[in-house]
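Report on the structure given below.
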Amino acid sequence: MEDYSKLPNISDRGAWAVSTTKHGFGIENLHDGSTETFWQSDGQQPHSISVQFPTRAQIHAVSLYLDTEKDESYTPCKVSIYAGTSHHDKQLVKDEMFAAEPKGWINFKLADIDGPVLMAHFVLIELPYNYDNGRDVRVRMARILGPPPREQKFRNEHILPYTSQDFYMYESLR
């Protein structure tokens with residue numbers, strides 16, 4: 001089991017947008033740090049959350065805080081995640097239907113720890129279906145997680161015992 005709490009949250013590096021918003025339950029609730037508030041869609045399915053990064057971002061996982069007990073039919077039962085350079089060339093990278101009703105942080109791993117990292121300018125989180133045929137969706141929190149810090153791993157395995165920032169800045173040629 002992977003420890004997602006140690007992965008860096010890169011959510012603030014991107015510009016977030018949603019397909020629709022019910023008045024009073026806007027996108028700002030996805031990042032306010034509270035699981036008591038939520039973003040709620042208003043309109044036709046599928047609902048979506050998109051994140052546009054100014055430069056290619058290294059993405060390891062997407063995490064959503066969902067709560068079936070509080071939100072009942074507003075809880076999505078399927079999540080599809082797309083990535084690319086823009087909305088026009090996105091490709092499906094994860095498609096998951098929940099086996100059990102979600103409560104808490106649900107992590108969608110998009111890359112392996114030691115494998116290649118997903119690089120993208122654009123991420124789209126699509127929520128096409130809800131439990132009990134609900135129409136609108138609620139997401140209490142959302143975040144994009146970067147890869148684990150490799151610099152610490154490199155420092156631990158490096159032959160030379162230098163630890164200063166200056167050394168690491170000039171240790172190799174480009």
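Chain labels A, B, ... are given in the sequence in which chains occur in the structure tokens; within each chain residues are numbered consecutively from 1, and ligands are likewise numbered from 1 in the order shown.
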
request  = Tell me, as a ChimeraX atom specification, which residues lie within 9 Å of region 77-79 of chain A, counting only C-alpha atoms; anything in the same chain fewer than 4 positions away does not count.
outcome  = /A:94-102,125-131

How about saving the chosen residues, C-alpha atoms kept, as a PDB file, in the first residue's frame?
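File out17.pdb, as written:
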```pdb
ATOM      1  CA  LYS A  94      -7.599   5.935 -15.662  1.00  0.00           C
ATOM      2  CA  ASP A  95     -11.168   4.653 -15.691  1.00  0.00           C
ATOM      3  CA  GLU A  96     -12.491   3.294 -12.433  1.00  0.00           C
ATOM      4  CA  MET A  97     -15.895   2.147 -11.200  1.00  0.00           C
ATOM      5  CA  PHE A  98     -16.094   1.872  -7.405  1.00  0.00           C
ATOM      6  CA  ALA A  99     -16.674  -1.615  -6.004  1.00  0.00           C
ATOM      7  CA  ALA A 100     -17.661  -0.181  -2.590  1.00  0.00           C
ATOM      8  CA  GLU A 101     -19.232   3.119  -1.624  1.00  0.00           C
ATOM      9  CA  PRO A 102     -16.392   5.641  -1.161  1.00  0.00           C
ATOM     10  CA  ILE A 125     -11.497  14.388 -14.027  1.00  0.00           C
ATOM     11  CA  GLU A 126     -14.810  13.236 -15.447  1.00  0.00           C
ATOM     12  CA  LEU A 127     -17.635  12.048 -13.177  1.00  0.00           C
ATOM     13  CA  PRO A 128     -20.165  10.379 -15.516  1.00  0.00           C
ATOM     14  CA  TYR A 129     -22.345   8.378 -13.090  1.00  0.00           C
ATOM     15  CA  ASN A 130     -23.627   8.705  -9.522  1.00  0.00           C
ATOM     16  CA  TYR A 131     -24.954   6.263  -6.962  1.00  0.00           C
TER      17      TYR A 131
END
```

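For Asp67 (chain A), the residues within 7 Å (counting only C-alpha atoms, excluding itself and residues fewer than 5 positions away along the chain) are Thr75, Pro102, Lys103 and Gly104 of chain A.
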
ask   = How many Å lie between CA of Gly26 (chain A) and CA of Val123 (chain A), rounded to one decimal?
value = 18.9 Å

request  = Rounded to one decimal place, report the CA of Ala120 (chain A)-CA of Glu28 (chain A) distance in Å.
outcome  =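 Computing the Euclidean distance for CA of Ala120 (chain A) and CA of Glu28 (chain A) yields 22.8 Å.
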
Could you list, with a cut-off of 7 Å and counting only C-alpha atoms, the residues of region 27-93 of chain A near region 133-136 of chain A, each shown with its nearest atom pair and the distance in Å rounded to one decimal, rows sorted by chain and ascending number, as a tab-separated table?
```
residue	atom	partner	partner_atom	distance
A:Gln40	CA	A:Asp136	CA	6.8
A:Ser41	CA	A:Asp136	CA	5.3
A:Asp42	CA	A:Asp136	CA	5.7
A:Gly43	CA	A:Asp136	CA	6.7
A:Gln45	CA	A:Arg135	CA	6.9
A:Ser73	CA	A:Gly134	CA	4.6
A:Tyr74	CA	A:Gly134	CA	5.6
```

message = To test your reading of the structure, identify every residue in region 33-138 of chain A that backbone DSSP assigns to alpha helix (DSSP H), and report it as a list of chain:residue names.
response = A:Thr68, A:Glu69, A:Lys70, A:Asp71

inquiry  = So that I can check the surroundings of region 51-65 of chain A, please list as number ranges by chain every protein, DNA and RNA residue that reaches within 7 Å of it, counting only C-alpha atoms and ignoring chain neighbours fewer than 4 positions away.
reply    = A: 13-17, 104-111, 117-124, 139-147

Output file for the selection above: C-alpha atoms, as a PDB file, in the first residue's frame:
```
ATOM      1  CA  ARG A  13       0.348  25.074  -9.674  1.00  0.00           C
ATOM      2  CA  GLY A  14      -2.642  24.663 -11.986  1.00  0.00           C
ATOM      3  CA  ALA A  15      -5.722  26.666 -12.930  1.00  0.00           C
ATOM      4  CA  TRP A  16      -8.841  24.758 -11.885  1.00  0.00           C
ATOM      5  CA  ALA A  17     -12.228  24.826 -13.622  1.00  0.00           C
ATOM      6  CA  GLY A 104     -12.598   9.476   2.549  1.00  0.00           C
ATOM      7  CA  TRP A 105      -9.641  10.028   0.253  1.00  0.00           C
ATOM      8  CA  ILE A 106      -9.834   7.956  -2.925  1.00  0.00           C
ATOM      9  CA  ASN A 107      -6.463   7.852  -4.692  1.00  0.00           C
ATOM     10  CA  PHE A 108      -6.111   7.208  -8.404  1.00  0.00           C
ATOM     11  CA  LYS A 109      -2.531   6.166  -9.082  1.00  0.00           C
ATOM     12  CA  LEU A 110      -1.378   7.292 -12.524  1.00  0.00           C
ATOM     13  CA  ALA A 111       2.316   6.298 -12.333  1.00  0.00           C
ATOM     14  CA  VAL A 117       5.955   9.681 -14.550  1.00  0.00           C
ATOM     15  CA  LEU A 118       2.860  11.027 -16.301  1.00  0.00           C
ATOM     16  CA  MET A 119       3.749  14.405 -17.830  1.00  0.00           C
ATOM     17  CA  ALA A 120       0.800  16.638 -18.760  1.00  0.00           C
ATOM     18  CA  HIS A 121      -0.318  20.233 -19.151  1.00  0.00           C
ATOM     19  CA  PHE A 122      -3.969  19.313 -18.750  1.00  0.00           C
ATOM     20  CA  VAL A 123      -5.909  16.902 -16.513  1.00  0.00           C
ATOM     21  CA  LEU A 124      -9.641  16.252 -16.771  1.00  0.00           C
ATOM     22  CA  VAL A 139     -16.752  16.375  -4.351  1.00  0.00           C
ATOM     23  CA  ARG A 140     -15.520  17.534  -0.953  1.00  0.00           C
ATOM     24  CA  MET A 141     -11.833  17.956  -1.789  1.00  0.00           C
ATOM     25  CA  ALA A 142      -9.542  17.332  -4.769  1.00  0.00           C
ATOM     26  CA  ARG A 143      -5.794  17.374  -5.270  1.00  0.00           C
ATOM     27  CA  ILE A 144      -3.149  16.516  -7.825  1.00  0.00           C
ATOM     28  CA  LEU A 145      -0.090  14.754  -6.403  1.00  0.00           C
ATOM     29  CA  GLY A 146       3.402  14.885  -7.841  1.00  0.00           C
ATOM     30  CA  PRO A 147       5.993  12.118  -7.778  1.00  0.00           C
TER      31      PRO A 147
END
```

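Atom pair CA of Thr21 (chain A) / CA of Pro8 (chain A) has a distance of 27.7 Å (rounded to one decimal).
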